[in-house]
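Enquirer: Data file my_file15.csv (CSV, C-alpha atoms) is appended below.
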```
chain,number,residue,atom,x,y,z
D,219,MET,CA,167.5,101.7,133.6
D,220,THR,CA,165.1,104.3,132.3
D,221,SER,CA,164.2,105.4,135.8
D,222,LYS,CA,168.0,105.7,136.7
D,223,ILE,CA,168.5,108.0,133.7
D,224,ILE,CA,165.4,110.1,134.7
D,225,ASN,CA,166.8,110.4,138.3
D,226,MET,CA,170.3,111.4,136.9
D,227,VAL,CA,168.7,114.1,134.7
D,228,GLU,CA,166.7,115.3,137.7
D,229,ARG,CA,169.8,115.5,139.8
D,230,MET,CA,171.6,117.6,137.2
D,231,LYS,CA,170.6,120.9,138.6
D,232,ASP,CA,171.8,124.2,137.4
D,233,ALA,CA,172.7,127.3,139.5
D,234,GLU,CA,169.1,128.6,139.1
D,235,ASP,CA,167.7,125.3,140.6
D,236,ARG,CA,170.1,125.5,143.5
D,237,LEU,CA,169.2,129.1,144.1
D,238,LEU,CA,165.5,128.3,144.1
D,239,GLU,CA,166.1,125.4,146.4
D,240,SER,CA,167.9,127.6,148.9
D,241,MET,CA,165.1,130.2,148.7
D,242,PHE,CA,162.4,127.5,149.2
D,243,GLU,CA,164.3,126.1,152.1
D,244,SER,CA,162.6,126.8,155.4
D,245,ALA,CA,163.4,126.3,159.1
D,246,ALA,CA,161.9,123.4,160.9
D,247,ILE,CA,158.7,124.3,162.8
D,248,ALA,CA,158.7,123.3,166.4
D,249,ASP,CA,156.0,120.9,167.5
D,250,ASN,CA,154.9,123.0,170.5
D,251,GLY,CA,152.0,120.7,171.4
D,252,PHE,CA,150.7,120.5,167.8
D,253,SER,CA,150.9,116.6,167.7
D,254,ALA,CA,149.5,116.3,171.2
D,255,ARG,CA,146.5,118.4,170.3
D,256,ILE,CA,145.7,116.2,167.3
D,257,VAL,CA,146.2,113.0,169.3
D,258,LYS,CA,143.9,114.4,172.0
D,259,LYS,CA,141.3,115.2,169.4
D,260,ILE,CA,141.5,111.6,167.9
D,261,ASN,CA,141.2,110.1,171.4
D,262,ARG,CA,138.1,112.1,172.1
D,263,ARG,CA,136.6,111.0,168.8
D,264,LEU,CA,137.4,107.3,169.6
D,265,TRP,CA,135.7,107.6,172.9
D,266,LEU,CA,132.7,109.2,171.3
D,267,ARG,CA,132.5,106.4,168.8
D,268,ARG,CA,132.7,103.8,171.6
D,269,LEU,CA,129.9,105.6,173.6
D,270,VAL,CA,127.5,106.0,170.6
D,271,LEU,CA,126.2,102.4,170.7
D,272,PRO,CA,125.6,102.0,174.5
D,273,VAL,CA,124.0,105.5,174.6
D,274,ALA,CA,121.8,104.7,171.6
D,275,VAL,CA,120.7,101.4,173.3
D,276,LEU,CA,119.9,103.3,176.5
D,277,VAL,CA,118.0,106.1,174.7
D,278,GLY,CA,116.2,103.5,172.4
D,279,GLY,CA,115.3,101.4,175.5
D,280,ALA,CA,114.0,104.4,177.3
D,281,ILE,CA,111.8,105.4,174.4
D,282,ALA,CA,110.7,101.9,173.6
D,283,TYR,CA,110.0,100.9,177.3
D,284,LYS,CA,106.4,102.2,177.6
D,285,PRO,CA,105.0,100.9,174.3
D,286,LEU,CA,106.8,97.5,174.8
D,287,ALA,CA,105.4,97.1,178.3
D,288,ALA,CA,101.9,97.9,176.9
D,289,LEU,CA,102.4,95.3,174.1
D,290,VAL,CA,103.5,92.6,176.6
D,291,ALA,CA,100.4,93.4,178.8
D,292,LEU,CA,98.2,93.2,175.7
D,293,GLY,CA,99.7,89.8,174.8
D,294,ALA,CA,99.1,88.4,178.3
D,295,GLU,CA,95.5,89.7,178.1
D,296,PHE,CA,95.1,88.1,174.7
D,297,ALA,CA,96.4,84.7,176.0
D,298,THR,CA,93.5,84.5,178.5
D,299,PHE,CA,91.1,84.4,175.5
D,300,VAL,CA,92.9,81.5,173.8
D,301,PRO,CA,91.5,78.1,174.9
D,302,LEU,CA,93.9,76.0,177.1
D,303,GLU,CA,93.8,73.1,174.6
D,304,THR,CA,95.2,75.3,171.8
D,305,LEU,CA,98.0,76.5,174.1
D,306,THR,CA,99.1,73.0,175.1
D,307,ARG,CA,99.1,71.9,171.5
D,308,ALA,CA,101.2,74.9,170.5
D,309,SER,CA,103.7,74.2,173.3
D,310,SER,CA,104.2,70.7,172.0
D,311,SER,CA,105.2,72.0,168.6
D,312,ILE,CA,108.0,74.1,170.2
D,313,PRO,CA,111.4,72.3,169.7
D,314,GLN,CA,112.6,70.4,172.7
D,315,PHE,CA,116.1,70.7,174.3
D,316,PRO,CA,117.8,67.8,172.3
D,317,SER,CA,116.6,69.2,169.0
D,318,VAL,CA,117.9,72.7,169.9
D,319,ILE,CA,121.3,71.2,170.7
D,320,LEU,CA,121.3,69.3,167.4
D,321,GLY,CA,120.4,72.4,165.5
D,322,ALA,CA,123.2,74.4,167.2
D,323,ILE,CA,125.7,71.6,166.3
D,324,LEU,CA,124.6,71.6,162.7
D,325,LEU,CA,124.8,75.4,162.5
D,326,VAL,CA,128.4,75.5,163.9
D,327,ALA,CA,129.4,72.6,161.6
D,328,GLY,CA,127.9,74.5,158.7
D,329,LEU,CA,129.8,77.7,159.5
D,330,PHE,CA,133.1,75.8,159.9
D,331,GLY,CA,132.4,74.1,156.5
D,332,LEU,CA,131.8,77.4,154.8
D,333,ARG,CA,135.0,78.9,156.3
D,334,MET,CA,137.0,75.9,155.1
D,335,ILE,CA,135.6,76.3,151.6
D,336,GLU,CA,136.4,80.0,151.7
D,337,ASP,CA,140.0,79.3,152.8
B,254,MET,CA,163.6,109.5,159.9
B,255,THR,CA,163.6,106.3,157.8
B,256,THR,CA,160.8,104.9,155.6
B,257,SER,CA,160.9,101.5,157.4
B,258,GLU,CA,160.4,103.3,160.8
B,259,ASP,CA,157.4,105.2,159.3
B,260,ASN,CA,156.0,101.9,157.9
B,261,ASP,CA,156.3,100.2,161.3
B,262,LEU,CA,154.5,103.1,162.9
B,263,VAL,CA,151.8,103.0,160.2
B,264,ALA,CA,151.4,99.2,160.8
B,265,ARG,CA,150.9,99.8,164.5
B,266,VAL,CA,148.2,102.4,163.9
B,267,VAL,CA,146.4,100.4,161.3
B,268,SER,CA,146.4,97.1,163.3
B,269,GLY,CA,145.6,98.5,166.7
B,270,GLN,CA,144.4,102.1,166.4
B,271,ASP,CA,147.5,103.0,168.3
B,272,THR,CA,147.2,106.8,168.9
B,273,ALA,CA,150.7,107.0,170.4
B,274,ALA,CA,152.2,105.6,167.2
B,275,PHE,CA,150.2,108.1,165.2
B,276,GLY,CA,151.4,110.9,167.5
B,277,GLU,CA,155.0,109.9,166.7
B,278,LEU,CA,154.2,110.0,163.0
B,279,ILE,CA,152.8,113.5,163.4
B,280,ARG,CA,155.9,114.6,165.4
B,281,ARG,CA,158.1,113.3,162.6
B,282,HIS,CA,156.3,115.0,159.8
B,283,GLN,CA,154.4,118.0,161.1
B,284,SER,CA,157.1,120.5,160.2
B,285,GLN,CA,157.2,119.5,156.6
B,286,VAL,CA,153.4,119.4,156.2
B,287,ARG,CA,153.0,122.8,158.0
B,288,ASN,CA,155.8,124.4,155.9
B,289,PHE,CA,154.2,123.0,152.7
B,290,LEU,CA,150.8,124.4,153.6
B,291,ARG,CA,152.2,127.7,154.8
B,292,LYS,CA,153.8,128.2,151.4
B,293,LEU,CA,150.6,127.2,149.6
B,294,THR,CA,148.2,129.4,151.6
B,295,GLY,CA,150.6,132.3,152.6
B,296,ASP,CA,148.7,132.3,155.9
B,297,PHE,CA,150.3,130.7,159.0
B,298,THR,CA,147.0,130.3,161.0
B,299,GLN,CA,145.1,128.9,158.1
B,300,ALA,CA,148.0,126.6,157.2
B,301,ASP,CA,148.1,125.2,160.7
B,302,ASP,CA,144.3,124.6,160.7
B,303,LEU,CA,144.6,122.8,157.4
B,304,ALA,CA,147.6,120.8,158.8
B,305,GLN,CA,145.4,119.7,161.6
B,306,ASP,CA,142.6,118.7,159.2
B,307,CYS,CA,145.2,116.9,157.1
B,308,PHE,CA,146.4,114.7,160.0
B,309,MET,CA,142.7,114.0,160.9
B,310,HIS,CA,142.1,112.8,157.4
B,311,ALA,CA,145.3,110.8,157.4
B,312,TRP,CA,144.1,109.0,160.6
B,313,ASP,CA,140.9,108.1,158.8
B,314,LYS,CA,142.5,107.0,155.6
B,315,LEU,CA,145.7,105.4,156.9
B,316,HIS,CA,144.6,101.9,155.9
B,317,ASN,CA,144.8,103.2,152.3
B,318,PHE,CA,148.5,103.8,152.5
B,319,SER,CA,150.0,100.9,150.5
B,320,GLY,CA,153.6,101.5,151.7
B,321,ARG,CA,154.9,101.6,148.1
B,322,GLY,CA,155.9,105.3,148.1
B,323,THR,CA,157.2,107.2,151.1
B,324,PHE,CA,154.9,108.1,153.9
B,325,ILE,CA,155.7,111.8,153.6
B,326,GLY,CA,154.7,111.7,149.9
B,327,TRP,CA,151.4,110.2,150.8
B,328,LEU,CA,150.9,112.7,153.6
B,329,LEU,CA,151.6,115.6,151.3
B,330,LYS,CA,149.0,114.2,148.9
B,331,VAL,CA,146.5,114.3,151.8
B,332,ALA,CA,147.6,117.8,152.7
B,333,TYR,CA,147.3,119.0,149.0
B,334,THR,CA,143.8,117.4,148.8
B,335,THR,CA,142.8,119.0,152.1
B,336,PHE,CA,144.0,122.4,150.8
B,337,LEU,CA,142.1,122.0,147.5
B,338,GLN,CA,138.9,120.9,149.3
B,339,SER,CA,139.1,123.9,151.7
B,340,LYS,CA,139.6,126.2,148.7
B,341,ARG,CA,136.5,124.7,147.0
B,342,LYS,CA,134.5,125.1,150.2
B,343,SER,CA,135.5,128.7,150.6
B,344,LYS,CA,132.8,131.0,149.3
B,345,ARG,CA,135.4,133.6,148.5
B,346,TYR,CA,137.1,131.2,146.3
B,347,ALA,CA,133.9,130.5,144.5
B,348,GLU,CA,133.5,134.2,143.8
B,349,ILE,CA,137.1,134.3,142.5
B,350,LEU,CA,136.4,131.4,140.2
B,351,ALA,CA,133.3,133.1,138.9
B,352,SER,CA,135.2,136.2,138.1
B,353,ALA,CA,137.8,136.6,135.3
B,354,GLY,CA,141.0,134.7,135.4
B,355,GLN,CA,143.0,137.9,135.8
B,356,VAL,CA,141.1,138.8,139.0
B,357,ALA,CA,141.6,135.3,140.3
B,358,ASP,CA,145.3,135.6,139.8
B,359,GLN,CA,145.4,138.9,141.6
B,360,GLU,CA,143.4,137.6,144.5
B,361,SER,CA,145.6,134.5,144.9
B,362,ARG,CA,148.6,136.9,145.0
B,363,SER,CA,147.1,139.0,147.7
B,364,THR,CA,146.6,136.0,150.0
B,365,ILE,CA,150.4,135.6,150.1
B,366,VAL,CA,151.0,138.8,152.0
B,367,GLU,CA,148.8,138.1,155.0
B,368,ASN,CA,150.0,137.5,158.5
B,369,HIS,CA,153.7,137.7,158.1
B,370,GLU,CA,156.5,139.7,156.7
B,371,VAL,CA,156.8,139.4,152.9
B,372,THR,CA,160.0,137.6,151.8
B,373,ASP,CA,161.5,137.2,148.3
B,374,LEU,CA,160.0,133.7,148.3
B,375,ASP,CA,156.6,135.2,148.8
B,376,LYS,CA,157.1,137.5,145.9
B,377,PHE,CA,158.2,134.5,143.8
B,378,LEU,CA,155.2,132.4,144.8
B,379,ALA,CA,152.8,135.3,144.1
B,380,VAL,CA,153.5,135.3,140.4
B,381,LEU,CA,152.6,131.6,140.2
B,382,ASP,CA,149.1,130.2,140.0
B,383,GLU,CA,147.9,127.7,142.6
B,384,GLN,CA,149.0,124.5,140.7
B,385,GLU,CA,152.4,125.9,139.8
B,386,ARG,CA,152.9,127.1,143.4
B,387,ALA,CA,152.1,123.7,144.8
B,388,ILE,CA,154.4,121.8,142.4
B,389,MET,CA,157.3,124.3,142.8
B,390,VAL,CA,157.0,124.0,146.6
B,391,MET,CA,157.0,120.2,146.3
B,392,SER,CA,160.0,120.2,144.0
B,393,TYR,CA,162.2,122.9,145.6
B,394,GLY,CA,160.8,123.1,149.1
B,395,CYS,CA,160.2,119.4,149.9
B,396,GLY,CA,162.8,117.9,147.6
B,397,MET,CA,160.3,115.5,145.9
B,398,SER,CA,161.2,113.9,142.6
B,399,HIS,CA,159.0,114.6,139.6
B,400,ARG,CA,157.6,111.1,139.8
B,401,GLU,CA,156.6,111.6,143.5
B,402,ILE,CA,155.0,115.0,142.6
B,403,GLY,CA,153.1,113.2,139.7
B,404,THR,CA,151.7,110.7,142.2
B,405,VAL,CA,150.7,113.5,144.7
B,406,THR,CA,149.0,115.6,142.0
B,407,ASP,CA,147.7,112.8,139.8
B,408,MET,CA,149.6,114.2,136.8
B,409,PRO,CA,151.9,112.6,134.3
B,410,VAL,CA,155.7,113.2,134.9
B,411,GLY,CA,155.9,115.2,131.7
B,412,THR,CA,153.2,117.6,132.8
B,413,VAL,CA,154.9,118.0,136.2
B,414,LYS,CA,158.1,118.9,134.3
B,415,SER,CA,156.4,121.4,132.1
B,416,VAL,CA,154.6,123.0,135.0
B,417,ILE,CA,158.0,123.5,136.8
B,418,PHE,CA,159.5,124.8,133.6
B,419,ARG,CA,156.6,127.3,133.2
B,420,GLY,CA,156.9,128.3,136.9
B,421,LYS,CA,160.6,128.9,136.6
B,422,GLU,CA,160.0,131.0,133.5
B,423,LYS,CA,157.4,133.1,135.2
B,424,ILE,CA,159.8,133.8,138.1
B,425,ARG,CA,162.6,134.5,135.7
B,426,ASN,CA,160.5,136.9,133.7
B,427,SER,CA,159.2,138.7,136.8
B,428,PHE,CA,162.5,138.9,138.8
B,429,ASP,CA,166.2,138.8,138.1
B,430,ILE,CA,166.6,135.7,140.3
B,431,LYS,CA,170.3,135.4,139.7
B,432,ASN,CA,170.8,138.6,141.7
B,433,HIS,CA,168.5,137.5,144.5
B,434,GLN,CA,169.8,136.4,147.9
B,435,HIS,CA,168.0,134.0,150.2
B,436,GLY,CA,165.5,135.8,152.4
```
Have the structure of the file written as structure tokens, please.
Expert:
Amino acid sequence: MTSKIINMVERMKDAEDRLLESMFESAAIADNGFSARIVKKINRRLWLRRLVLPVAVLVGGAIAYKPLAALVALGAEFATFVPLETLTRASSSIPQFPSVILGAILLVAGLFGLRMIED
Amino acid sequence: MTTSEDNDLVARVVSGQDTAAFGELIRRHQSQVRNFLRKLTGDFTQADDLAQDCFMHAWDKLHNFSGRGTFIGWLLKVAYTTFLQSKRKSKRYAEILASAGQVADQESRSTIVENHEVTDLDKFLAVLDEQERAIMVMSYGCGMSHREIGTVTDMPVGTVKSVIFRGKEKIRNSFDIKNHQHG
């Protein structure tokens, strides 16, 4: 009700208001490629965003390749110093295939459970 | 140009980053946004640059549009904010702010006359300060209600009304507007 009254009061314009309205009135501006320019700019930005991650991975990989290769070589060299018995004992403590599967099933079930609780 | 069509286009943009839908939104509203900024800046080239920035900001912030008001109202708010930000960034504006209010008033008047023929409207706008100019343009140029203007400018409706009243009084005191013809 109050808003209706406000709108009615706003609509009650005097001659001065109408004159001002006619003076502020302006002709429509033709698009003339304005919207196309902006859409092109946005598309370019979207492409840039999509490229950022792969390019970062490539550049990071190129930078990290040398030190990473040296680290792997060092690791292999270090393995020769470790006694064979220690290595076989260590490999037995690595989880076997059935336990990996069981772990994965538990993880998926846990995630589903969490989602259900959230819902 | 209905609100529901605008809202459908906005939904397409937000849900799927649909640039074609956003292009359609620009085509629908570019004229009003550019006219609004042209009247605020008094410089066609600067206004068009600002309009471009405004639509880029709108693309980034479109998910914030709640759909409660009209899309053009929201867009004009983005345009007004873009205009104010550009003003703040401008070194020249900082100098104007630092100097006396009188000088700032004169400087803002001088920006009106750049780049195009001076019309009666330009003379009217020149006697108003920045805030009055923006609100008068929104009210008389864009046909926005006082409430919509309040939302755009973050002002209470009462303040909007008093700014319009003050603006009209300034124009009335500077010109005999009853004898003015459109031009």
Enquirer: Identify all chain B residues at most 9 Å from chain D by counting all atoms listed in the file; ligands do not count. Present them as a PyMOL selection string.
Expert: chain B and resi 272-273+275-280+283-285+287-288+292+301+305+308-309+312+373-374+389-390+392-396+398-399+421+430-431+433-436
Enquirer: May I ask for the distance between atom CA of D:Gly321 and atom CA of D:Val290, given in Å to one decimal place?
Expert: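 If I compute the distance from atom CA of D:Gly321 to atom CA of D:Val290, I get 28.6 Å.
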Enquirer: Rounded to one decimal place, report the atom CA of B:Leu303-atom CA of B:Thr412 distance in Å.
Expert: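 Between atom CA of B:Leu303 and atom CA of B:Thr412 the gap works out to 26.6 Å.
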Enquirer: For atom CA of B:Thr335 and atom CA of B:Glu258, determine how far apart the two atoms are, in Å to one decimal place.
Expert: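 Between atom CA of B:Thr335 and atom CA of B:Glu258 the gap is 25.1 Å.
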Enquirer: What lies within 12 Å of B:Ser415 using only C-alpha atoms, ignoring chain neighbours under 2 positions off, as an NGL selection string?
Expert: :B and (384-385 or 388-389 or 399 or 403 or 408-413 or 417-422)
Enquirer: Leaving out B:Ala264 and any residue of its chain fewer than 4 positions from it, which residues lie within 12 Å of it when counting only C-alpha atoms, given as a PyMOL selection string?
Expert: chain B and resi 257-260+268-272+274-275+278+315-320+324
Enquirer: Limit the output to C-alpha atoms and give stretch 221-330 of chain D as a short mmCIF file (atom, residue, chain, number, x, y, z; two decimals), in the first residue's frame.
Expert:
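Below is the file decode.cif, written as the result:
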```cif
data_model
loop_
_atom_site.label_atom_id
_atom_site.label_comp_id
_atom_site.auth_asym_id
_atom_site.auth_seq_id
_atom_site.Cartn_x
_atom_site.Cartn_y
_atom_site.Cartn_z
CA SER D 221 4.82 1.60 -2.02
CA LYS D 222 1.76 2.18 -4.24
CA ILE D 223 1.31 5.63 -2.72
CA ILE D 224 5.01 6.37 -3.23
CA ASN D 225 4.78 5.27 -6.88
CA MET D 226 1.68 7.45 -7.42
CA VAL D 227 3.44 10.46 -5.91
CA GLU D 228 6.44 9.79 -8.14
CA ARG D 229 4.18 9.64 -11.17
CA MET D 230 2.62 12.99 -10.39
CA LYS D 231 5.06 14.98 -12.45
CA ASP D 232 4.74 18.64 -13.08
CA ALA D 233 5.54 20.52 -16.29
CA GLU D 234 9.10 21.10 -15.12
CA ASP D 235 9.63 17.35 -14.66
CA ARG D 236 8.25 16.63 -18.12
CA LEU D 237 10.48 19.30 -19.64
CA LEU D 238 13.51 17.86 -17.87
CA GLU D 239 12.57 14.37 -19.06
CA SER D 240 12.37 15.55 -22.65
CA MET D 241 15.75 17.28 -22.30
CA PHE D 242 17.42 14.20 -20.77
CA GLU D 243 15.93 11.99 -23.46
CA SER D 244 18.56 10.77 -25.86
CA ALA D 245 18.55 8.86 -29.12
CA ALA D 246 19.44 5.16 -28.99
CA ILE D 247 23.08 4.47 -29.75
CA ALA D 248 23.66 1.93 -32.53
CA ASP D 249 25.62 -1.14 -31.48
CA ASN D 250 28.05 -0.95 -34.44
CA GLY D 251 30.12 -3.91 -33.27
CA PHE D 252 30.31 -2.73 -29.64
CA SER D 253 28.83 -5.95 -28.21
CA ALA D 254 30.88 -8.13 -30.58
CA ARG D 255 34.09 -6.45 -29.40
CA ILE D 256 33.29 -7.19 -25.75
CA VAL D 257 32.27 -10.80 -26.46
CA LYS D 258 35.53 -11.27 -28.40
CA LYS D 259 37.47 -9.87 -25.44
CA ILE D 260 35.68 -12.22 -23.03
CA ASN D 261 36.27 -15.24 -25.29
CA ARG D 262 39.96 -14.37 -25.46
CA ARG D 263 40.08 -14.15 -21.66
CA LEU D 264 38.33 -17.51 -21.30
CA TRP D 265 40.85 -19.13 -23.64
CA LEU D 266 43.71 -17.59 -21.70
CA ARG D 267 42.29 -18.97 -18.46
CA ARG D 268 41.96 -22.43 -20.00
CA LEU D 269 45.55 -22.28 -21.26
CA VAL D 270 47.09 -21.12 -17.99
CA LEU D 271 47.06 -24.54 -16.24
CA PRO D 272 48.52 -26.67 -19.09
CA VAL D 273 51.14 -24.01 -19.83
CA ALA D 274 52.05 -23.80 -16.14
CA VAL D 275 52.38 -27.62 -16.01
CA LEU D 276 54.60 -27.61 -19.11
CA VAL D 277 56.81 -24.79 -17.87
CA GLY D 278 56.98 -26.27 -14.36
CA GLY D 279 57.82 -29.68 -15.82
CA ALA D 280 60.56 -28.23 -18.00
CA ILE D 281 62.06 -26.40 -15.04
CA ALA D 282 61.74 -29.36 -12.67
CA TYR D 283 62.92 -32.03 -15.16
CA LYS D 284 66.67 -31.73 -14.54
CA PRO D 285 66.67 -31.63 -10.72
CA LEU D 286 64.01 -34.37 -10.62
CA ALA D 287 66.08 -36.68 -12.88
CA ALA D 288 69.14 -36.04 -10.69
CA LEU D 289 67.09 -36.89 -7.58
CA VAL D 290 65.87 -40.18 -9.11
CA ALA D 291 69.43 -41.11 -10.10
CA LEU D 292 70.62 -40.31 -6.58
CA GLY D 293 67.84 -42.47 -5.13
CA ALA D 294 68.81 -45.40 -7.34
CA GLU D 295 72.44 -44.97 -6.33
CA PHE D 296 71.42 -44.86 -2.67
CA ALA D 297 69.43 -48.12 -3.07
CA THR D 298 72.64 -49.98 -3.96
CA PHE D 299 74.02 -49.16 -0.49
CA VAL D 300 70.96 -50.58 1.32
CA PRO D 301 71.30 -54.29 2.22
CA LEU D 302 69.04 -56.64 0.17
CA GLU D 303 67.47 -58.04 3.35
CA THR D 304 66.23 -54.59 4.41
CA LEU D 305 64.72 -54.01 0.96
CA THR D 306 62.74 -57.31 0.99
CA ARG D 307 61.50 -56.59 4.51
CA ALA D 308 60.36 -53.12 3.42
CA SER D 309 58.54 -54.51 0.36
CA SER D 310 56.58 -56.94 2.55
CA SER D 311 55.23 -54.01 4.56
CA ILE D 312 53.81 -52.34 1.41
CA PRO D 313 50.04 -52.99 1.26
CA GLN D 314 49.04 -55.79 -1.11
CA PHE D 315 46.40 -55.55 -3.85
CA PRO D 316 43.40 -56.85 -1.79
CA SER D 317 44.06 -54.37 1.02
CA VAL D 318 44.35 -51.51 -1.53
CA ILE D 319 40.93 -52.48 -2.97
CA LEU D 320 39.44 -52.66 0.53
CA GLY D 321 40.85 -49.23 1.37
CA ALA D 322 39.39 -47.76 -1.82
CA ILE D 323 35.95 -49.24 -1.08
CA LEU D 324 36.06 -47.82 2.45
CA LEU D 325 37.08 -44.39 1.11
CA VAL D 326 34.23 -44.31 -1.44
CA ALA D 327 31.72 -45.49 1.18
CA GLY D 328 32.97 -42.83 3.59
CA LEU D 329 32.60 -40.08 0.98
CA PHE D 330 29.06 -41.23 0.13
#
```
